[in-house]
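query-v9.pdb (PDB, C-alpha atoms and all ligand atoms) appears below.
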ATOM      1  CA  MET V   1      12.581  19.506 -15.266
ATOM      2  CA  PRO V   2      12.498  15.718 -15.425
ATOM      3  CA  SER V   3      10.130  14.299 -18.015
ATOM      4  CA  ALA V   4       6.833  12.878 -16.779
ATOM      5  CA  ASP V   5       8.157   9.343 -17.253
ATOM      6  CA  THR V   6      11.161   9.770 -15.005
ATOM      7  CA  ALA V   7       9.688  12.033 -12.315
ATOM      8  CA  TYR V   8       9.618  10.520  -8.843
ATOM      9  CA  ARG V   9       6.058  10.211  -7.567
ATOM     10  CA  GLY V  10       5.482   8.529  -4.234
ATOM     11  CA  ARG V  11       2.415   8.082  -2.088
ATOM     12  CA  PHE V  12       1.088   7.115   1.313
ATOM     13  CA  ALA V  13      -2.160   5.181   1.091
ATOM     14  CA  PRO V  14      -3.793   4.643   4.483
ATOM     15  CA  SER V  15      -7.042   2.762   5.025
ATOM     16  CA  PRO V  16      -9.313   4.704   7.404
ATOM     17  CA  THR V  17      -9.914   1.724   9.673
ATOM     18  CA  GLY V  18      -8.554   3.718  12.616
ATOM     19  CA  PRO V  19      -6.217   6.588  13.473
ATOM     20  CA  LEU V  20      -2.518   6.544  12.589
ATOM     21  CA  HIS V  21      -0.210   4.779  15.026
ATOM     22  CA  GLN V  22       3.555   4.835  15.341
ATOM     23  CA  GLY V  23       3.886   1.993  12.782
ATOM     24  CA  SER V  24       1.944   3.890  10.135
ATOM     25  CA  LEU V  25       3.988   7.017  10.890
ATOM     26  CA  VAL V  26       7.193   5.075  10.141
ATOM     27  CA  ALA V  27       5.820   4.084   6.704
ATOM     28  CA  ALA V  28       4.465   7.568   5.960
ATOM     29  CA  LEU V  29       7.734   9.203   6.988
ATOM     30  CA  ALA V  30       9.960   6.880   4.941
ATOM     31  CA  SER V  31       7.775   7.338   1.889
ATOM     32  CA  TYR V  32       7.794  11.132   2.402
ATOM     33  CA  LEU V  33      11.576  11.344   2.897
ATOM     34  CA  GLU V  34      12.296   9.139  -0.110
ATOM     35  CA  ALA V  35      10.133  11.404  -2.286
ATOM     36  CA  ARG V  36      11.534  14.659  -0.892
ATOM     37  CA  ARG V  37      15.127  13.448  -1.160
ATOM     38  CA  ALA V  38      14.508  12.585  -4.830
ATOM     39  CA  GLY V  39      13.030  16.065  -5.420
ATOM     40  CA  GLY V  40       9.781  14.281  -6.225
ATOM     41  CA  THR V  41       6.081  14.594  -5.542
ATOM     42  CA  TRP V  42       4.422  13.005  -2.529
ATOM     43  CA  LEU V  43       0.739  12.139  -2.534
ATOM     44  CA  VAL V  44      -1.807  10.861  -0.067
ATOM     45  CA  ARG V  45      -4.532   8.483  -1.180
ATOM     46  CA  MET V  46      -7.330   7.574   1.180
ATOM     47  CA  GLU V  47      -8.165   3.895   0.671
ATOM     48  CA  ASP V  48     -11.761   4.150   1.839
ATOM     49  CA  LEU V  49     -13.196   1.397  -0.274
ATOM     50  CA  ASP V  50     -14.362  -0.967   2.462
ATOM     51  CA  PRO V  51     -17.030   0.892   4.507
ATOM     52  CA  PRO V  52     -17.751  -2.026   6.884
ATOM     53  CA  ARG V  53     -14.125  -1.936   8.088
ATOM     54  CA  GLU V  54     -13.925   1.842   8.391
ATOM     55  CA  GLN V  55     -14.187   3.887  11.538
ATOM     56  CA  PRO V  56     -16.224   7.107  11.354
ATOM     57  CA  GLY V  57     -13.937  10.123  11.514
ATOM     58  CA  ALA V  58     -10.744   8.094  10.941
ATOM     59  CA  ALA V  59      -9.992   9.543   7.483
ATOM     60  CA  ASP V  60     -10.098  13.112   8.787
ATOM     61  CA  ALA V  61      -8.099  12.153  11.864
ATOM     62  CA  ILE V  62      -5.411  10.590   9.643
ATOM     63  CA  LEU V  63      -5.117  13.724   7.496
ATOM     64  CA  ARG V  64      -4.968  15.972  10.579
ATOM     65  CA  SER V  65      -2.307  13.737  12.076
ATOM     66  CA  LEU V  66      -0.168  13.883   8.918
ATOM     67  CA  GLU V  67      -0.426  17.674   8.963
ATOM     68  CA  ALA V  68       0.434  17.840  12.665
ATOM     69  CA  HIS V  69       3.606  15.891  11.814
ATOM     70  CA  GLY V  70       4.468  18.270   8.959
ATOM     71  CA  LEU V  71       3.832  15.610   6.307
ATOM     72  CA  TYR V  72       2.108  17.775   3.704
ATOM     73  CA  TRP V  73       1.051  16.249   0.400
ATOM     74  CA  ASP V  74       1.471  17.946  -2.962
ATOM     75  CA  GLU V  75      -1.803  17.263  -4.784
ATOM     76  CA  PRO V  76      -5.423  16.853  -3.677
ATOM     77  CA  VAL V  77      -6.088  13.646  -1.727
ATOM     78  CA  LEU V  78      -7.494  10.895  -3.928
ATOM     79  CA  TRP V  79     -10.447   9.176  -2.247
ATOM     80  CA  GLN V  80     -11.026   5.616  -3.397
ATOM     81  CA  SER V  81     -14.718   5.888  -2.502
ATOM     82  CA  GLN V  82     -15.009   8.268  -5.468
ATOM     83  CA  ARG V  83     -13.232   6.057  -7.962
ATOM     84  CA  SER V  84     -15.892   3.455  -8.812
ATOM     85  CA  ALA V  85     -16.073   4.511 -12.463
ATOM     86  CA  ALA V  86     -12.333   3.914 -12.908
ATOM     87  CA  TYR V  87     -12.499   0.498 -11.216
ATOM     88  CA  LEU V  88     -15.479  -0.485 -13.394
ATOM     89  CA  ALA V  89     -13.583   0.597 -16.499
ATOM     90  CA  ALA V  90     -10.656  -1.615 -15.462
ATOM     91  CA  LEU V  91     -13.018  -4.548 -14.875
ATOM     92  CA  ASN V  92     -14.533  -3.973 -18.311
ATOM     93  CA  GLN V  93     -11.079  -3.987 -19.843
ATOM     94  CA  LEU V  94     -10.234  -7.274 -18.093
ATOM     95  CA  GLN V  95     -13.575  -8.715 -19.153
ATOM     96  CA  ALA V  96     -13.088  -7.678 -22.791
ATOM     97  CA  GLN V  97      -9.689  -9.389 -22.800
ATOM     98  CA  GLY V  98     -11.100 -12.579 -21.293
ATOM     99  CA  HIS V  99      -9.336 -12.108 -17.939
ATOM    100  CA  LEU V 100     -12.381 -12.228 -15.686
ATOM    101  CA  PHE V 101     -14.804 -14.857 -14.477
ATOM    102  CA  ALA V 102     -17.706 -14.925 -12.042
ATOM    103  CA  CYS V 103     -17.417 -17.080  -8.935
ATOM    104  CA  SER V 104     -20.019 -17.931  -6.305
ATOM    105  CA  CYS V 105     -17.700 -19.899  -3.978
ATOM    106  CA  SER V 106     -18.159 -19.322  -0.285
ATOM    107  CA  ARG V 107     -14.992 -19.078   1.773
ATOM    108  CA  ALA V 108     -15.543 -22.726   2.762
ATOM    109  CA  ARG V 109     -15.504 -23.822  -0.894
ATOM    110  CA  THR V 110     -12.215 -22.152  -1.791
ATOM    111  CA  ASP V 111      -8.979 -24.034  -1.149
ATOM    112  CA  SER V 112      -6.250 -23.044   1.302
ATOM    113  CA  ALA V 113      -4.723 -20.660  -1.261
ATOM    114  CA  GLY V 114      -8.148 -19.020  -1.692
ATOM    115  CA  ASN V 115      -8.668 -20.397  -5.222
ATOM    116  CA  CYS V 116     -12.126 -20.842  -6.710
ATOM    117  CA  CYS V 117     -13.338 -24.465  -6.627
ATOM    118  CA  GLY V 118     -12.940 -24.527 -10.413
ATOM    119  CA  ASP V 119     -16.560 -25.284 -11.329
ATOM    120  CA  CYS V 120     -17.477 -21.592 -11.650
ATOM    121  CA  ARG V 121     -15.056 -21.289 -14.551
ATOM    122  CA  GLU V 122     -16.952 -23.990 -16.472
ATOM    123  CA  GLN V 123     -20.446 -22.697 -15.858
ATOM    124  CA  THR V 124     -21.311 -19.117 -14.919
ATOM    125  CA  PRO V 125     -23.040 -19.214 -11.513
ATOM    126  CA  PRO V 126     -26.106 -17.084 -10.686
ATOM    127  CA  PRO V 127     -25.627 -13.912  -8.584
ATOM    128  CA  PRO V 128     -24.413 -12.994  -6.074
ATOM    129  CA  VAL V 129     -20.959 -13.555  -7.515
ATOM    130  CA  ALA V 130     -17.460 -12.308  -6.955
ATOM    131  CA  LEU V 131     -15.286 -11.490  -9.975
ATOM    132  CA  ARG V 132     -11.933 -13.221 -10.211
ATOM    133  CA  VAL V 133      -8.877 -12.937 -12.416
ATOM    134  CA  PRO V 134      -7.116 -16.160 -13.436
ATOM    135  CA  VAL V 135      -3.330 -16.263 -12.933
ATOM    136  CA  ALA V 136      -1.174 -17.903 -15.609
ATOM    137  CA  PRO V 137       0.518 -20.995 -14.087
ATOM    138  CA  GLN V 138       3.928 -19.909 -15.391
ATOM    139  CA  PHE V 139       3.661 -16.375 -13.969
ATOM    140  CA  ALA V 140       6.490 -15.349 -11.632
ATOM    141  CA  ALA V 141       6.593 -11.812 -10.248
ATOM    142  CA  GLN V 142      10.049 -10.275 -10.108
ATOM    143  CA  TRP V 143      11.315  -7.004  -8.787
ATOM    144  CA  GLN V 144      14.286  -5.505  -7.025
ATOM    145  CA  ASP V 145      12.966  -4.387  -3.654
ATOM    146  CA  ARG V 146      14.619  -1.330  -2.134
ATOM    147  CA  TRP V 147      14.823  -2.955   1.310
ATOM    148  CA  GLN V 148      13.985  -6.623   0.847
ATOM    149  CA  GLY V 149      16.373  -7.224  -2.064
ATOM    150  CA  PRO V 150      15.699  -9.272  -5.221
ATOM    151  CA  GLN V 151      12.241 -10.817  -5.235
ATOM    152  CA  HIS V 152      11.094 -13.823  -7.244
ATOM    153  CA  TRP V 153       7.562 -15.037  -6.526
ATOM    154  CA  PRO V 154       6.329 -17.830  -8.835
ATOM    155  CA  ILE V 155       2.760 -17.356  -7.574
ATOM    156  CA  GLY V 156       1.204 -18.987 -10.634
ATOM    157  CA  ARG V 157       2.214 -22.398  -9.234
ATOM    158  CA  ALA V 158      -0.223 -22.211  -6.298
ATOM    159  CA  LEU V 159      -2.509 -19.300  -7.036
ATOM    160  CA  GLN V 160      -4.968 -20.051  -9.817
ATOM    161  CA  ASP V 161      -7.098 -16.930  -9.434
ATOM    162  CA  PHE V 162      -7.969 -14.111  -7.040
ATOM    163  CA  VAL V 163     -10.853 -11.760  -6.329
ATOM    164  CA  VAL V 164     -10.989  -8.295  -7.884
ATOM    165  CA  ARG V 165     -14.605  -7.543  -7.017
ATOM    166  CA  ARG V 166     -16.144  -9.062  -3.943
ATOM    167  CA  LYS V 167     -19.508 -10.778  -3.690
ATOM    168  CA  ASP V 168     -20.803  -7.788  -1.720
ATOM    169  CA  GLN V 169     -19.868  -5.770  -4.850
ATOM    170  CA  LEU V 170     -17.040  -3.888  -3.140
ATOM    171  CA  PHE V 171     -13.920  -3.521  -5.258
ATOM    172  CA  ALA V 172     -10.950  -5.496  -3.989
ATOM    173  CA  TYR V 173      -7.882  -3.691  -2.672
ATOM    174  CA  GLN V 174      -5.658  -5.428  -5.276
ATOM    175  CA  LEU V 175      -7.645  -3.940  -8.156
ATOM    176  CA  ALA V 176      -8.089  -0.448  -6.701
ATOM    177  CA  VAL V 177      -4.446  -0.055  -5.749
ATOM    178  CA  VAL V 178      -3.223  -0.986  -9.239
ATOM    179  CA  VAL V 179      -5.733   1.277 -10.999
ATOM    180  CA  ASP V 180      -4.920   4.216  -8.714
ATOM    181  CA  ASP V 181      -1.140   3.800  -8.704
ATOM    182  CA  ALA V 182      -1.332   3.909 -12.517
ATOM    183  CA  GLU V 183      -3.764   6.845 -12.584
ATOM    184  CA  GLN V 184      -1.572   8.842 -10.185
ATOM    185  CA  ARG V 185       1.556   7.844 -12.147
ATOM    186  CA  ILE V 186       3.209   6.549  -8.986
ATOM    187  CA  SER V 187       6.818   5.698  -9.787
ATOM    188  CA  HIS V 188       7.921   4.472  -6.338
ATOM    189  CA  ILE V 189       5.881   2.601  -3.752
ATOM    190  CA  VAL V 190       7.187   2.630  -0.191
ATOM    191  CA  ARG V 191       5.083   0.653   2.278
ATOM    192  CA  GLY V 192       5.236  -1.942   5.021
ATOM    193  CA  SER V 193       6.489  -5.496   4.526
ATOM    194  CA  ASP V 194       3.020  -6.745   5.526
ATOM    195  CA  LEU V 195       2.047  -5.958   1.913
ATOM    196  CA  LEU V 196       4.989  -7.827   0.351
ATOM    197  CA  ASP V 197       2.858 -10.838  -0.581
ATOM    198  CA  SER V 198       0.244  -8.596  -2.235
ATOM    199  CA  THR V 199       2.800  -7.217  -4.664
ATOM    200  CA  PRO V 200       2.946 -10.306  -6.944
ATOM    201  CA  ARG V 201      -0.815 -10.073  -7.522
ATOM    202  CA  GLN V 202      -0.479  -6.380  -8.236
ATOM    203  CA  LEU V 203       2.283  -7.056 -10.769
ATOM    204  CA  TRP V 204       0.062  -9.605 -12.467
ATOM    205  CA  LEU V 205      -2.801  -7.092 -12.706
ATOM    206  CA  GLN V 206      -0.409  -4.433 -14.017
ATOM    207  CA  SER V 207       0.610  -6.774 -16.815
ATOM    208  CA  LEU V 208      -3.039  -7.533 -17.698
ATOM    209  CA  LEU V 209      -4.021  -3.864 -17.636
ATOM    210  CA  HIS V 210      -0.882  -2.817 -19.557
ATOM    211  CA  VAL V 211       0.205  -0.247 -16.979
ATOM    212  CA  PRO V 212       3.807   0.362 -15.850
ATOM    213  CA  GLN V 213       5.342  -1.533 -12.945
ATOM    214  CA  PRO V 214       6.497   0.974 -10.296
ATOM    215  CA  HIS V 215       9.602   0.499  -8.143
ATOM    216  CA  TYR V 216       8.845  -1.103  -4.785
ATOM    217  CA  GLY V 217      10.350  -0.813  -1.338
ATOM    218  CA  HIS V 218       8.870  -2.769   1.560
ATOM    219  CA  LEU V 219       9.963  -1.492   4.939
ATOM    220  CA  PRO V 220      10.322  -3.628   8.012
ATOM    221  CA  VAL V 221       7.165  -3.086  10.088
ATOM    222  CA  LEU V 222       7.140  -2.104  13.748
ATOM    223  CA  THR V 223       5.980  -4.843  16.069
ATOM    224  CA  ASN V 224       4.776  -4.839  19.654
ATOM    225  CA  ARG V 225       6.557  -6.751  22.414
ATOM    226  CA  GLN V 226       4.709  -9.917  21.368
ATOM    227  CA  GLY V 227       6.171  -9.645  17.862
ATOM    228  CA  GLN V 228       2.837  -8.707  16.218
ATOM    229  CA  LYS V 229       2.674  -5.901  13.658
ATOM    230  CA  LEU V 230       1.300  -2.735  15.245
ATOM    231  CA  SER V 231      -2.283  -2.427  14.080
ATOM    232  CA  LYS V 232      -5.711  -1.405  15.166
ATOM    233  CA  GLN V 233      -6.572  -5.101  15.676
ATOM    234  CA  ASN V 234      -3.929  -5.467  18.354
ATOM    235  CA  HIS V 235      -4.744  -2.090  19.910
ATOM    236  CA  ALA V 236      -1.750  -0.026  18.812
ATOM    237  CA  PRO V 237      -2.244   3.345  20.502
ATOM    238  CA  ALA V 238      -3.205   6.279  18.257
ATOM    239  CA  LEU V 239      -0.467   8.833  17.641
ATOM    240  CA  ASP V 240      -0.624  11.775  20.008
ATOM    241  CA  ASP V 241      -0.515  14.740  17.621
ATOM    242  CA  GLY V 242       0.544  16.947  20.518
ATOM    243  CA  ARG V 243       3.868  15.061  20.645
ATOM    244  CA  ALA V 244       4.652  15.267  16.937
ATOM    245  CA  THR V 245       8.387  16.044  17.211
ATOM    246  CA  HIS V 246       8.828  13.232  19.708
ATOM    247  CA  ASN V 247       6.937  10.819  17.421
ATOM    248  CA  LEU V 248       9.036  11.839  14.414
ATOM    249  CA  ARG V 249      12.283  11.396  16.352
ATOM    250  CA  SER V 250      11.236   7.958  17.409
ATOM    251  CA  ALA V 251      10.181   7.038  13.833
ATOM    252  CA  LEU V 252      13.570   8.210  12.518
ATOM    253  CA  ASP V 253      15.282   6.131  15.180
ATOM    254  CA  ALA V 254      13.259   3.061  14.122
ATOM    255  CA  LEU V 255      14.386   3.722  10.539
ATOM    256  CA  GLY V 256      18.036   3.671  11.632
ATOM    257  CA  GLN V 257      18.566   7.370  10.930
ATOM    258  CA  PRO V 258      20.878   9.588  12.981
ATOM    259  CA  PRO V 259      19.053  11.739  15.565
ATOM    260  CA  PRO V 260      18.273  15.255  14.273
ATOM    261  CA  PRO V 261      20.054  18.031  16.215
ATOM    262  CA  PRO V 262      18.396  18.699  19.587
ATOM    263  CA  ASP V 263      17.682  22.314  18.635
ATOM    264  CA  CYS V 264      15.165  21.252  15.939
ATOM    265  CA  ALA V 265      12.137  22.509  17.816
ATOM    266  CA  SER V 266       9.446  22.343  15.120
ATOM    267  CA  VAL V 267       8.294  19.525  12.866
ATOM    268  CA  THR V 268       9.388  21.629   9.865
ATOM    269  CA  GLU V 269      12.961  21.951  11.137
ATOM    270  CA  LEU V 270      13.043  18.340  12.132
ATOM    271  CA  LEU V 271      11.834  17.104   8.728
ATOM    272  CA  ALA V 272      14.287  19.391   6.934
ATOM    273  CA  ALA V 273      17.161  17.892   8.949
ATOM    274  CA  ALA V 274      15.808  14.371   8.447
ATOM    275  CA  CYS V 275      15.636  14.952   4.722
ATOM    276  CA  ARG V 276      19.221  16.243   4.536
ATOM    277  CA  HIS V 277      20.529  13.191   6.376
ATOM    278  CA  TRP V 278      18.132  10.554   5.010
ATOM    279  CA  ASP V 279      20.010   7.391   4.121
ATOM    280  CA  ALA V 280      17.809   4.518   2.940
ATOM    281  CA  THR V 281      20.671   2.040   3.377
ATOM    282  CA  ARG V 282      20.546   2.596   7.160
ATOM    283  CA  VAL V 283      17.017   1.180   7.443
ATOM    284  CA  PRO V 284      17.446  -2.074   9.412
ATOM    285  CA  ALA V 285      17.277  -5.236   7.288
ATOM    286  CA  GLY V 286      14.412  -7.683   7.641
ATOM    287  CA  LEU V 287      10.648  -7.784   7.719
ATOM    288  CA  THR V 288      10.068  -6.496  11.227
ATOM    289  CA  LEU V 289      11.410  -3.978  13.701
ATOM    290  CA  ALA V 290      11.165  -4.903  17.347
ATOM    291  CA  PRO V 291      10.396  -2.073  19.792
ATOM    292  CA  ARG V 292      13.553  -0.579  21.320
TER     293      ARG V 292
HETATM  294  N1  LIG V 301      -4.258   0.860   2.347
HETATM  295  C1  LIG V 301      -3.253  -0.114   2.625
HETATM  296  C2  LIG V 301      -3.041  -0.228   4.109
HETATM  297  O1  LIG V 301      -3.341   0.710   4.835
HETATM  298  C3  LIG V 301      -1.919   0.226   2.017
HETATM  299  C4  LIG V 301      -1.920   0.093   0.567
HETATM  300  C5  LIG V 301      -0.590   0.319  -0.106
HETATM  301  O2  LIG V 301       0.276   1.026   0.410
HETATM  302  O3  LIG V 301      -0.452  -0.215  -1.188
HETATM  303  O4  LIG V 301      -2.580  -1.258   4.556
END
Show the structure stored in the file as structure tokens.
Amino acid sequence: MPSADTAYRGRFAPSPTGPLHQGSLVAALASYLEARRAGGTWLVRMEDLDPPREQPGAADAILRSLEAHGLYWDEPVLWQSQRSAAYLAALNQLQAQGHLFACSCSRARTDSAGNCCGDCREQTPPPPVALRVPVAPQFAAQWQDRWQGPQHWPIGRALQDFVVRRKDQLFAYQLAVVVDDAEQRISHIVRGSDLLDSTPRQLWLQSLLHVPQPHYGHLPVLTNRQGQKLSKQNHAPALDDGRATHNLRSALDALGQPPPPPDCASVTELLAAACRHWDATRVPAGLTLAPR
């Protein structure tokens, strides 16, 4: 048995803003296969922390879709909507260490990088306020990305601060994801390249909260024929759960994997074959994957 510190723990963390589409299946599948290949644990976390952006029924539809595709998770789903106490504890910790300030800036008052106007740091504004974390000017995030190679992001040069709790009192994604990845002892994060520029902020929060930095791999994301990332906003069609083996074959193809034998009739057989042959180095290089 590997020790808790070295065990591979991966996760898929969808936001229930709509049903899964082929692009999300590619990310879920790669994260699943990486975890299974490593003999690790694979978790699902429902990132339902932004009710105004959520679609009723989407969380259940996502879980049903994962099951229809044979992507079973190993521990109970963690629901971010039930994690407020943990996020508040993290905010308290940041506050106690002097890493938090209140900001009343409207979007129009922030600069192009989204920084606070600066005045709020001098004089605490009256509510409603957002809570922000200052970034040290010399901070540069560094990691070796599984698919995007060595990363060096000196974000402290342009980013002075960022929001961890919004003015509407919702917790920001950047805070929740760091708290939950630490709580779930996630060792490897596999997700789309659309989140690459969030990672430096997450590394900064990890350093402030004294939690470990996981390994990261950002996959190229599937685009439509116009070159836009598949998403609910640009009307990516929902996965048809009735065509699960077809969807998995096409996701494996997008990931550069050899086609599973034609006699794999069930999702279970197909995933077993995919796992045996999984080769992360065959994933096409780059940030995007054009439709074939
Ligand atoms: N919930 C995020 C999304 O659906 C993903 C978060 C993550 O993988 O870190 O875009």
Which is closest to ligand LIG 301 (chain V) among V:Asp197, V:Glu47, V:Asp145, V:Asp263, if we use only C-alpha atoms and all ligand atoms?
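Nearest to ligand LIG 301 (chain V): V:Glu47.
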Name all residues at most 12 Å from segment 53-68 of chain V (count all atoms listed in the file; drop same-chain ones fewer than 6 positions away) and give them as a CSV table (one decimal) with C-alpha atoms, in the coordinates of the input.
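The result, written out as out_29.csv:
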chain,number,residue,atom,x,y,z
V,12,PHE,CA,1.1,7.1,1.3
V,13,ALA,CA,-2.2,5.2,1.1
V,14,PRO,CA,-3.8,4.6,4.5
V,15,SER,CA,-7.0,2.8,5.0
V,16,PRO,CA,-9.3,4.7,7.4
V,17,THR,CA,-9.9,1.7,9.7
V,18,GLY,CA,-8.6,3.7,12.6
V,19,PRO,CA,-6.2,6.6,13.5
V,20,LEU,CA,-2.5,6.5,12.6
V,21,HIS,CA,-0.2,4.8,15.0
V,22,GLN,CA,3.6,4.8,15.3
V,24,SER,CA,1.9,3.9,10.1
V,25,LEU,CA,4.0,7.0,10.9
V,26,VAL,CA,7.2,5.1,10.1
V,27,ALA,CA,5.8,4.1,6.7
V,28,ALA,CA,4.5,7.6,6.0
V,29,LEU,CA,7.7,9.2,7.0
V,32,TYR,CA,7.8,11.1,2.4
V,43,LEU,CA,0.7,12.1,-2.5
V,44,VAL,CA,-1.8,10.9,-0.1
V,45,ARG,CA,-4.5,8.5,-1.2
V,46,MET,CA,-7.3,7.6,1.2
V,47,GLU,CA,-8.2,3.9,0.7
V,76,PRO,CA,-5.4,16.9,-3.7
V,77,VAL,CA,-6.1,13.6,-1.7
V,78,LEU,CA,-7.5,10.9,-3.9
V,79,TRP,CA,-10.4,9.2,-2.2
V,80,GLN,CA,-11.0,5.6,-3.4
V,81,SER,CA,-14.7,5.9,-2.5
V,170,LEU,CA,-17.0,-3.9,-3.1
V,232,LYS,CA,-5.7,-1.4,15.2
V,233,GLN,CA,-6.6,-5.1,15.7
V,238,ALA,CA,-3.2,6.3,18.3
V,239,LEU,CA,-0.5,8.8,17.6
V,240,ASP,CA,-0.6,11.8,20.0
V,241,ASP,CA,-0.5,14.7,17.6
V,242,GLY,CA,0.5,16.9,20.5
V,243,ARG,CA,3.9,15.1,20.6
V,244,ALA,CA,4.7,15.3,16.9
V,245,THR,CA,8.4,16.0,17.2
V,246,HIS,CA,8.8,13.2,19.7
V,247,ASN,CA,6.9,10.8,17.4
V,248,LEU,CA,9.0,11.8,14.4
V,266,SER,CA,9.4,22.3,15.1
V,267,VAL,CA,8.3,19.5,12.9
V,268,THR,CA,9.4,21.6,9.9
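Restricting the calculation to only C-alpha atoms, the smallest distance between Thr281 of chain V and any of V:Leu230, V:Val211, V:Ala141, V:Leu219 is found for V:Leu219.
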Could you tell me how far atom CA of Trp42 of chain V lies from atom CA of Leu287 of chain V, in Å and to one decimal?
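Taking atom CA of Trp42 of chain V as the start and atom CA of Leu287 of chain V as the end point, the length is 24.0 Å.
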To test your reading of the syntax: which residues would the PyMOL selection byres (((chain V and resi 273) around 12) and not hetatm) return for the file shown? Reply as a PyMOL selection string.
chain V and resi 33+36-37+248-249+252+257-272+274-279
Under the PyMOL selection byres (((chain V and resi 162-166) around 6) and not hetatm), which residues of this model are included? Write them out as a list in words.
Ala130, Leu131, Arg132, Val133, Asp161, Lys167, Asp168, Gln169, Leu170, Phe171, Ala172 and Leu175 of chain V
Let me have the centre and edge lengths of the axis-aligned box enclosing all listed atoms of segment 187-203 of chain V with 3 Å padding on every side, in Å to one decimal, as JSON.
{"center_x": 3.6, "center_y": -2.6, "center_z": -2.6, "size_x": 14.7, "size_y": 22.5, "size_z": 22.3}
Which residue of V:His69, V:His210, V:Arg191, V:Lys229 approaches ligand LIG 301 (chain V) most closely, using all atoms listed in the file
V:Arg191
Explicit residue set for the PyMOL selection byres (((chain V and resi 128) around 7) and not hetatm), as a VMD selection string
chain V and resid 104 126 to 127 129 167
Record the distance separating atom CA of His99 of chain V and atom CA of Leu208 of chain V, expressed in Å with one decimal.
7.8 Å
Point-to-point distance in Å for atom CA of Gly192 of chain V and atom CA of Asp50 of chain V:
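Going from atom CA of Asp50 of chain V over to atom CA of Gly192 of chain V, I get 19.8 Å.
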Pick the closest to ligand LIG 301 (chain V) from V:Leu49, V:Ala280, V:Ala254, V:Cys117: which is it, counting only C-alpha atoms and all ligand atoms?
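Nearest to ligand LIG 301 (chain V): V:Leu49.
With distances taken over only C-alpha atoms and all ligand atoms, V:Ser31 is the one residue among V:Gln93, V:Thr288, V:Thr110, V:Ser31 lying closest to ligand LIG 301 (chain V).
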From V:Trp143, V:Arg225, V:Ala96, V:Ala86, residue lying nearest Val177 of chain V [all atoms listed in the file]
V:Ala86
